[in-house]
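Undergrad: So here's input_7.pdb, just PDB, C-alpha atoms:
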```
ATOM      1  CA  MET A  28     166.172  98.638 -16.348  1.00  0.00           C
ATOM      2  CA  LEU A  29     164.625  98.178 -19.774  1.00  0.00           C
ATOM      3  CA  LYS A  30     160.946  98.898 -20.131  1.00  0.00           C
ATOM      4  CA  GLU A  31     159.075  95.788 -21.230  1.00  0.00           C
ATOM      5  CA  SER A  32     157.238  96.182 -24.523  1.00  0.00           C
ATOM      6  CA  SER A  33     153.451  96.114 -24.516  1.00  0.00           C
ATOM      7  CA  LEU A  34     153.916  93.542 -27.280  1.00  0.00           C
ATOM      8  CA  SER A  35     155.608  90.937 -25.074  1.00  0.00           C
ATOM      9  CA  ASP A  36     153.745  87.650 -25.337  1.00  0.00           C
ATOM     10  CA  LYS A  37     151.259  88.984 -27.940  1.00  0.00           C
ATOM     11  CA  VAL A  38     150.266  86.601 -30.707  1.00  0.00           C
ATOM     12  CA  ILE A  39     150.502  88.263 -34.102  1.00  0.00           C
ATOM     13  CA  LEU A  40     149.819  86.972 -37.602  1.00  0.00           C
ATOM     14  CA  ILE A  41     151.865  88.561 -40.393  1.00  0.00           C
ATOM     15  CA  VAL A  42     150.850  87.790 -43.967  1.00  0.00           C
ATOM     16  CA  ASP A  43     153.040  88.846 -46.882  1.00  0.00           C
ATOM     17  CA  ASP A  44     154.075  87.137 -50.105  1.00  0.00           C
ATOM     18  CA  GLU A  45     157.628  88.530 -49.786  1.00  0.00           C
ATOM     19  CA  PRO A  46     159.883  86.305 -47.608  1.00  0.00           C
ATOM     20  CA  ASP A  47     162.229  89.223 -46.841  1.00  0.00           C
ATOM     21  CA  VAL A  48     159.318  91.216 -45.360  1.00  0.00           C
ATOM     22  CA  LEU A  49     158.328  88.250 -43.178  1.00  0.00           C
ATOM     23  CA  GLU A  50     161.944  87.943 -42.028  1.00  0.00           C
ATOM     24  CA  ALA A  51     162.232  91.684 -41.316  1.00  0.00           C
ATOM     25  CA  VAL A  52     158.982  91.688 -39.316  1.00  0.00           C
ATOM     26  CA  GLY A  53     160.244  88.649 -37.393  1.00  0.00           C
ATOM     27  CA  GLY A  54     163.309  90.638 -36.347  1.00  0.00           C
ATOM     28  CA  ILE A  55     161.350  93.773 -35.472  1.00  0.00           C
ATOM     29  CA  LEU A  56     158.662  91.948 -33.468  1.00  0.00           C
ATOM     30  CA  ASP A  57     160.928  89.326 -31.886  1.00  0.00           C
ATOM     31  CA  MET A  58     159.259  89.804 -28.491  1.00  0.00           C
ATOM     32  CA  CYS A  59     155.966  88.456 -29.905  1.00  0.00           C
ATOM     33  CA  MET A  60     154.771  85.034 -30.833  1.00  0.00           C
ATOM     34  CA  LEU A  61     154.576  85.406 -34.608  1.00  0.00           C
ATOM     35  CA  HIS A  62     152.656  83.278 -37.045  1.00  0.00           C
ATOM     36  CA  LYS A  63     153.806  83.910 -40.611  1.00  0.00           C
ATOM     37  CA  ALA A  64     151.929  83.166 -43.805  1.00  0.00           C
ATOM     38  CA  GLN A  65     153.147  83.737 -47.327  1.00  0.00           C
ATOM     39  CA  ASP A  66     149.916  83.001 -49.206  1.00  0.00           C
ATOM     40  CA  TYR A  67     146.155  83.437 -48.970  1.00  0.00           C
ATOM     41  CA  GLU A  68     145.344  79.785 -48.206  1.00  0.00           C
ATOM     42  CA  THR A  69     147.776  79.526 -45.274  1.00  0.00           C
ATOM     43  CA  ALA A  70     146.618  82.887 -43.917  1.00  0.00           C
ATOM     44  CA  LEU A  71     142.967  81.875 -44.184  1.00  0.00           C
ATOM     45  CA  GLN A  72     143.629  78.632 -42.313  1.00  0.00           C
ATOM     46  CA  ASP A  73     145.504  80.535 -39.583  1.00  0.00           C
ATOM     47  CA  LEU A  74     142.760  83.177 -39.270  1.00  0.00           C
ATOM     48  CA  LEU A  75     140.147  80.452 -38.841  1.00  0.00           C
ATOM     49  CA  SER A  76     142.241  78.285 -36.488  1.00  0.00           C
ATOM     50  CA  TYR A  77     143.880  80.681 -34.041  1.00  0.00           C
ATOM     51  CA  THR A  78     143.180  83.807 -32.018  1.00  0.00           C
ATOM     52  CA  TYR A  79     145.362  86.858 -32.593  1.00  0.00           C
ATOM     53  CA  ASP A  80     146.081  90.039 -30.689  1.00  0.00           C
ATOM     54  CA  VAL A  81     146.951  91.763 -33.976  1.00  0.00           C
ATOM     55  CA  VAL A  82     146.908  90.749 -37.640  1.00  0.00           C
ATOM     56  CA  ILE A  83     149.226  92.453 -40.142  1.00  0.00           C
ATOM     57  CA  LEU A  84     148.276  92.041 -43.802  1.00  0.00           C
ATOM     58  CA  ASP A  85     149.904  92.938 -47.068  1.00  0.00           C
ATOM     59  CA  ILE A  86     147.387  94.051 -49.684  1.00  0.00           C
ATOM     60  CA  MET A  87     148.873  92.882 -52.968  1.00  0.00           C
ATOM     61  CA  GLY A  88     149.752  89.268 -53.756  1.00  0.00           C
ATOM     62  CA  ILE A  89     147.757  87.653 -50.956  1.00  0.00           C
ATOM     63  CA  ASN A  90     144.237  89.049 -51.463  1.00  0.00           C
ATOM     64  CA  GLY A  91     144.693  91.251 -48.407  1.00  0.00           C
ATOM     65  CA  PHE A  92     141.291  92.906 -48.534  1.00  0.00           C
ATOM     66  CA  GLU A  93     139.479  89.556 -48.438  1.00  0.00           C
ATOM     67  CA  LEU A  94     141.674  88.472 -45.516  1.00  0.00           C
ATOM     68  CA  LEU A  95     140.894  91.822 -43.851  1.00  0.00           C
ATOM     69  CA  ARG A  96     137.164  91.069 -44.053  1.00  0.00           C
ATOM     70  CA  ILE A  97     137.718  87.707 -42.377  1.00  0.00           C
ATOM     71  CA  ALA A  98     140.056  89.075 -39.679  1.00  0.00           C
ATOM     72  CA  VAL A  99     137.613  91.864 -38.809  1.00  0.00           C
ATOM     73  CA  LYS A 100     134.711  89.412 -38.712  1.00  0.00           C
ATOM     74  CA  ARG A 101     136.738  87.317 -36.241  1.00  0.00           C
ATOM     75  CA  GLY A 102     137.352  90.437 -34.126  1.00  0.00           C
ATOM     76  CA  PHE A 103     141.110  90.754 -34.733  1.00  0.00           C
ATOM     77  CA  PRO A 104     142.591  94.284 -34.851  1.00  0.00           C
ATOM     78  CA  THR A 105     144.131  94.411 -38.313  1.00  0.00           C
ATOM     79  CA  VAL A 106     146.868  96.613 -39.739  1.00  0.00           C
ATOM     80  CA  MET A 107     147.380  96.892 -43.480  1.00  0.00           C
ATOM     81  CA  LEU A 108     151.056  96.973 -44.525  1.00  0.00           C
ATOM     82  CA  THR A 109     151.714  97.870 -48.140  1.00  0.00           C
ATOM     83  CA  ALA A 110     154.164  99.165 -50.701  1.00  0.00           C
ATOM     84  CA  HIS A 111     152.533  98.734 -54.100  1.00  0.00           C
ATOM     85  CA  ALA A 112     149.017  99.574 -52.939  1.00  0.00           C
ATOM     86  CA  LEU A 113     150.026 102.810 -51.213  1.00  0.00           C
ATOM     87  CA  THR A 114     147.180 104.858 -52.670  1.00  0.00           C
ATOM     88  CA  PRO A 115     144.321 106.925 -51.256  1.00  0.00           C
ATOM     89  CA  GLU A 116     141.939 104.294 -52.652  1.00  0.00           C
ATOM     90  CA  SER A 117     143.621 101.459 -50.726  1.00  0.00           C
ATOM     91  CA  LEU A 118     143.731 103.562 -47.579  1.00  0.00           C
ATOM     92  CA  ARG A 119     140.032 104.327 -47.930  1.00  0.00           C
ATOM     93  CA  LYS A 120     139.118 100.698 -48.589  1.00  0.00           C
ATOM     94  CA  SER A 121     141.155  99.614 -45.557  1.00  0.00           C
ATOM     95  CA  ILE A 122     139.240 102.070 -43.371  1.00  0.00           C
ATOM     96  CA  GLU A 123     135.867 101.066 -44.808  1.00  0.00           C
ATOM     97  CA  LEU A 124     136.565  97.347 -44.331  1.00  0.00           C
ATOM     98  CA  GLY A 125     137.513  97.835 -40.676  1.00  0.00           C
ATOM     99  CA  ALA A 126     141.307  97.940 -40.516  1.00  0.00           C
ATOM    100  CA  VAL A 127     142.537  99.716 -37.398  1.00  0.00           C
ATOM    101  CA  SER A 128     145.615 101.097 -39.137  1.00  0.00           C
ATOM    102  CA  PHE A 129     147.616 101.297 -42.357  1.00  0.00           C
ATOM    103  CA  LEU A 130     151.386 101.406 -42.655  1.00  0.00           C
ATOM    104  CA  PRO A 131     153.505 101.900 -45.768  1.00  0.00           C
ATOM    105  CA  LYS A 132     156.324  99.341 -46.002  1.00  0.00           C
ATOM    106  CA  GLU A 133     158.838 102.172 -46.204  1.00  0.00           C
ATOM    107  CA  GLU A 134     157.868 102.818 -42.566  1.00  0.00           C
ATOM    108  CA  LEU A 135     158.672  99.191 -41.614  1.00  0.00           C
ATOM    109  CA  PRO A 136     161.457 100.264 -39.192  1.00  0.00           C
ATOM    110  CA  LYS A 137     158.698 101.937 -37.127  1.00  0.00           C
ATOM    111  CA  LEU A 138     156.484  98.821 -37.107  1.00  0.00           C
ATOM    112  CA  LYS A 139     157.095  97.962 -33.422  1.00  0.00           C
ATOM    113  CA  GLU A 140     156.037 101.448 -32.311  1.00  0.00           C
ATOM    114  CA  HIS A 141     153.068 101.310 -34.674  1.00  0.00           C
ATOM    115  CA  ILE A 142     151.828  97.936 -33.401  1.00  0.00           C
ATOM    116  CA  GLU A 143     152.366  99.067 -29.777  1.00  0.00           C
ATOM    117  CA  ASP A 144     150.005 101.969 -30.533  1.00  0.00           C
ATOM    118  CA  VAL A 145     147.402  99.483 -31.785  1.00  0.00           C
ATOM    119  CA  VAL A 146     147.763  97.340 -28.651  1.00  0.00           C
ATOM    120  CA  LEU A 147     147.690 100.362 -26.314  1.00  0.00           C
ATOM    121  CA  GLU A 148     144.502 101.570 -28.031  1.00  0.00           C
ATOM    122  CA  GLY A 149     142.933  98.216 -27.178  1.00  0.00           C
ATOM    123  CA  GLY A 150     142.697  97.299 -30.848  1.00  0.00           C
ATOM    124  CA  ARG A 151     140.561 100.349 -31.615  1.00  0.00           C
ATOM    125  CA  PRO A 152     141.402 102.423 -34.678  1.00  0.00           C
ATOM    126  CA  GLY A 153     143.944 105.175 -34.163  1.00  0.00           C
ATOM    127  CA  TRP A 154     143.455 106.978 -37.444  1.00  0.00           C
ATOM    128  CA  GLN A 155     143.943 110.536 -36.166  1.00  0.00           C
ATOM    129  CA  LYS A 156     147.306 109.658 -34.640  1.00  0.00           C
ATOM    130  CA  LEU A 157     148.311 107.821 -37.815  1.00  0.00           C
ATOM    131  CA  PHE A 158     147.348 110.739 -40.053  1.00  0.00           C
ATOM    132  CA  ARG A 159     149.407 113.079 -37.850  1.00  0.00           C
ATOM    133  CA  LYS A 160     152.437 110.779 -37.830  1.00  0.00           C
ATOM    134  CA  LEU A 161     152.351 110.049 -41.560  1.00  0.00           C
ATOM    135  CA  GLU A 162     151.063 113.398 -42.805  1.00  0.00           C
ATOM    136  CA  GLY A 163     154.349 114.279 -44.516  1.00  0.00           C
ATOM    137  CA  LEU A 164     154.619 110.899 -46.214  1.00  0.00           C
ATOM    138  CA  PHE A 165     150.994 110.895 -47.366  1.00  0.00           C
ATOM    139  CA  ASN A 166     151.311 114.480 -48.651  1.00  0.00           C
ATOM    140  CA  LYS A 167     154.469 113.538 -50.544  1.00  0.00           C
ATOM    141  CA  ARG A 168     152.990 110.344 -52.038  1.00  0.00           C
ATOM    142  CA  PHE A 169     149.393 111.459 -52.634  1.00  0.00           C
ATOM    143  CA  GLY A 170     149.941 115.196 -53.163  1.00  0.00           C
ATOM    144  CA  PRO A 171     149.535 118.013 -50.616  1.00  0.00           C
ATOM    145  CA  ASP A 172     145.836 118.413 -51.427  1.00  0.00           C
ATOM    146  CA  TRP A 173     144.951 114.713 -51.292  1.00  0.00           C
ATOM    147  CA  LYS A 174     142.353 115.132 -48.545  1.00  0.00           C
ATOM    148  CA  GLU A 175     140.574 117.873 -50.478  1.00  0.00           C
ATOM    149  CA  ARG A 176     140.615 115.805 -53.681  1.00  0.00           C
ATOM    150  CA  HIS A 177     139.258 112.774 -51.839  1.00  0.00           C
ATOM    151  CA  LYS A 178     136.181 114.016 -50.005  1.00  0.00           C
ATOM    152  CA  PHE A 179     135.994 110.785 -47.993  1.00  0.00           C
ATOM    153  CA  PHE A 180     139.128 111.696 -45.991  1.00  0.00           C
ATOM    154  CA  LYS A 181     138.030 115.234 -45.243  1.00  0.00           C
ATOM    155  CA  GLU A 182     134.689 113.944 -43.932  1.00  0.00           C
ATOM    156  CA  PHE A 183     136.383 111.065 -42.122  1.00  0.00           C
ATOM    157  CA  GLU A 184     138.756 113.411 -40.263  1.00  0.00           C
ATOM    158  CA  GLU A 185     135.880 115.725 -39.313  1.00  0.00           C
ATOM    159  CA  LYS A 186     134.006 112.728 -37.941  1.00  0.00           C
ATOM    160  CA  LEU A 187     137.097 111.634 -35.968  1.00  0.00           C
ATOM    161  CA  LYS A 188     137.571 115.121 -34.493  1.00  0.00           C
ATOM    162  CA  SER A 189     133.914 115.323 -33.515  1.00  0.00           C
ATOM    163  CA  SER A 190     134.094 111.896 -31.892  1.00  0.00           C
ATOM    164  CA  GLU A 191     137.273 112.843 -30.008  1.00  0.00           C
ATOM    165  CA  GLU A 192     135.674 116.062 -28.720  1.00  0.00           C
ATOM    166  CA  LYS A 193     132.623 114.146 -27.491  1.00  0.00           C
ATOM    167  CA  SER A 194     134.771 111.615 -25.634  1.00  0.00           C
ATOM    168  CA  GLU A 195     136.804 114.435 -24.023  1.00  0.00           C
ATOM    169  CA  LYS A 196     133.605 116.052 -22.761  1.00  0.00           C
ATOM    170  CA  THR A 197     132.372 112.802 -21.194  1.00  0.00           C
ATOM    171  CA  ALA A 198     135.758 111.979 -19.626  1.00  0.00           C
TER     172      ALA A 198
END
```
Write the structure described by the file as structure tokens, please.

TA:
Amino acid sequence: MLKESSLSDKVILIVDDEPDVLEAVGGILDMCMLHKAQDYETALQDLLSYTYDVVILDIMGINGFELLRIAVKRGFPTVMLTAHALTPESLRKSIELGAVSFLPKEELPKLKEHIEDVVLEGGRPGWQKLFRKLEGLFNKRFGPDWKERHKFFKEFEEKLKSSEEKSEKTA
């Protein structure tokens, strides 16, 4: 018997200016109710009109960071999905603005697993798990010393570890 996905019946908004990405996500997340938007205005209207279990935003072409602010303000767990903005600066800004995760488009085949992690975490950020899973990719793209060169990430990981240790002690 097949295990039912934790994404079954979830309502997800995907926003990307590339129709092929919207189509690919539709195939990957076919067990969900997907709302798709290809531009900022449509996405804004959807964010203000509906409730979502998860929002997936591109960064470039649709003003993704502004949409992220709105999604977070509405309480929607939001994942940033990007190709062109795959930089430490975009990752940092996504974290600071309240995204719960960040996925390079080259990892799109793993999107279902990634979004299941977000849902299983109750929409809370899963940055430590993401950094472990994508460590090789980030090291390759940003350089092996990217965390040392970007003090924010070193401090952020220390804060995450400290928080995890505290929650283990209280559990």

Undergrad: Identify all residues satisfying the PyMOL selection byres ((chain A and resi 105) around 10) in the given file; provide them as a PyMOL selection string.

TA: chain A and resi 39-41+79-84+94-96+98-99+102-104+106-108+121+125-129+142+145+150-152

Undergrad: Could you write out the selected residues, including C-alpha atoms, as a JSON list (two decimals), in the frame of the given file?

TA:
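So part-v7.json came out as:
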```json
[["chain", "number", "residue", "atom", "x", "y", "z"],
["A", 39, "ILE", "CA", 150.50, 88.26, -34.10],
["A", 40, "LEU", "CA", 149.82, 86.97, -37.60],
["A", 41, "ILE", "CA", 151.86, 88.56, -40.39],
["A", 79, "TYR", "CA", 145.36, 86.86, -32.59],
["A", 80, "ASP", "CA", 146.08, 90.04, -30.69],
["A", 81, "VAL", "CA", 146.95, 91.76, -33.98],
["A", 82, "VAL", "CA", 146.91, 90.75, -37.64],
["A", 83, "ILE", "CA", 149.23, 92.45, -40.14],
["A", 84, "LEU", "CA", 148.28, 92.04, -43.80],
["A", 94, "LEU", "CA", 141.67, 88.47, -45.52],
["A", 95, "LEU", "CA", 140.89, 91.82, -43.85],
["A", 96, "ARG", "CA", 137.16, 91.07, -44.05],
["A", 98, "ALA", "CA", 140.06, 89.08, -39.68],
["A", 99, "VAL", "CA", 137.61, 91.86, -38.81],
["A", 102, "GLY", "CA", 137.35, 90.44, -34.13],
["A", 103, "PHE", "CA", 141.11, 90.75, -34.73],
["A", 104, "PRO", "CA", 142.59, 94.28, -34.85],
["A", 106, "VAL", "CA", 146.87, 96.61, -39.74],
["A", 107, "MET", "CA", 147.38, 96.89, -43.48],
["A", 108, "LEU", "CA", 151.06, 96.97, -44.52],
["A", 121, "SER", "CA", 141.16, 99.61, -45.56],
["A", 125, "GLY", "CA", 137.51, 97.84, -40.68],
["A", 126, "ALA", "CA", 141.31, 97.94, -40.52],
["A", 127, "VAL", "CA", 142.54, 99.72, -37.40],
["A", 128, "SER", "CA", 145.62, 101.10, -39.14],
["A", 129, "PHE", "CA", 147.62, 101.30, -42.36],
["A", 142, "ILE", "CA", 151.83, 97.94, -33.40],
["A", 145, "VAL", "CA", 147.40, 99.48, -31.78],
["A", 150, "GLY", "CA", 142.70, 97.30, -30.85],
["A", 151, "ARG", "CA", 140.56, 100.35, -31.62],
["A", 152, "PRO", "CA", 141.40, 102.42, -34.68]]
```

Undergrad: Taking all atoms listed in the file into account, name the residue in A:Glu148, A:Glu123, A:Glu185, A:Glu143 that is nearest to Lys37 in chain A.

TA: A:Glu143

Undergrad: Taking all atoms listed in the file into account, name the residue in A:Val42, A:Val48, A:Ala64, A:Ile122 that is nearest to Trp154 in chain A.

TA: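 The answer is A:Ile122, which sits nearest to Trp154 in chain A.
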
Undergrad: Please compute the CA of Leu34 in chain A-CA of Ile55 in chain A distance, one decimal, in Å.

TA: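 Distance reported for this atom pair: 11.1 Å.
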
Undergrad: Neighbours of Pro115 in chain A within 8 Å (only C-alpha atoms; same-chain residues fewer than 3 positions away dropped), as an MDAnalysis selection string?

TA: chainID A and resid 118:119 169 173 177

Undergrad: Take the residues from that selection and put them in a file with C-alpha atoms, as a PDB file, in the frame of the given file.

TA:
```
ATOM      1  CA  LEU A 118     143.731 103.562 -47.579  1.00  0.00           C
ATOM      2  CA  ARG A 119     140.032 104.327 -47.930  1.00  0.00           C
ATOM      3  CA  PHE A 169     149.393 111.459 -52.634  1.00  0.00           C
ATOM      4  CA  TRP A 173     144.951 114.713 -51.292  1.00  0.00           C
ATOM      5  CA  HIS A 177     139.258 112.774 -51.839  1.00  0.00           C
TER       6      HIS A 177
END
```

Undergrad: Which residue, A:Leu71, A:Ile97, A:Met87, A:Ala110, has the smallest gap to Asp44 in chain A when you use only C-alpha atoms?

TA: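 Among A:Leu71, A:Ile97, A:Met87, A:Ala110, it is A:Met87 that comes nearest to Asp44 in chain A.
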
Undergrad: Find the residue from A:Glu68, A:Glu116, A:Thr109, A:Phe92 that sits nearest to Glu45 in chain A; use all atoms listed in the file when measuring.

TA: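 With all atoms listed in the file as the atom set, the closest residue is A:Thr109.
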
Undergrad: Counting only C-alpha atoms, which of A:Tyr67, A:Arg176, A:Gln155, A:Ala112 gets nearest to Ser189 in chain A?

TA: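 Distance minimum relative to Ser189 in chain A lands on A:Gln155.
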
Undergrad: To one decimal place in Å, what is the distance between CA of Pro136 in chain A and CA of Lys156 in chain A?

TA: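 About the pair CA of Pro136 in chain A and CA of Lys156 in chain A: they are 17.6 Å apart.
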
Undergrad: I'd like the box whose edges run along x, y and z of the file and which contains every listed atom of range 113-117 of chain A, padded by 3 Å per side; could you state its centre and edge lengths in Å, one decimal, as AutoDock Vina command-line options?

TA:
```
--center_x 146.0 --center_y 104.2 --center_z -51.7 --size_x 14.1 --size_y 11.5 --size_z 7.9
```

Undergrad: Could you check which of A:Ser32, A:Lys132, A:Lys63, A:Ser76 is closest to Glu50 in chain A, using only C-alpha atoms?

TA: A:Lys63

Undergrad: Tell me, as a CSV table (one decimal) with C-alpha atoms, keeping the file's coordinate frame, which residues lie within 12 Å of Lys137 in chain A, counting all atoms listed in the file; anything in the same chain fewer than 6 positions away does not count.

TA:
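Saved the output as part19.csv:
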```
chain,number,residue,atom,x,y,z
A,51,ALA,CA,162.2,91.7,-41.3
A,52,VAL,CA,159.0,91.7,-39.3
A,55,ILE,CA,161.4,93.8,-35.5
A,56,LEU,CA,158.7,91.9,-33.5
A,108,LEU,CA,151.1,97.0,-44.5
A,130,LEU,CA,151.4,101.4,-42.7
A,131,PRO,CA,153.5,101.9,-45.8
A,143,GLU,CA,152.4,99.1,-29.8
A,144,ASP,CA,150.0,102.0,-30.5
A,157,LEU,CA,148.3,107.8,-37.8
A,160,LYS,CA,152.4,110.8,-37.8
A,161,LEU,CA,152.4,110.0,-41.6
```
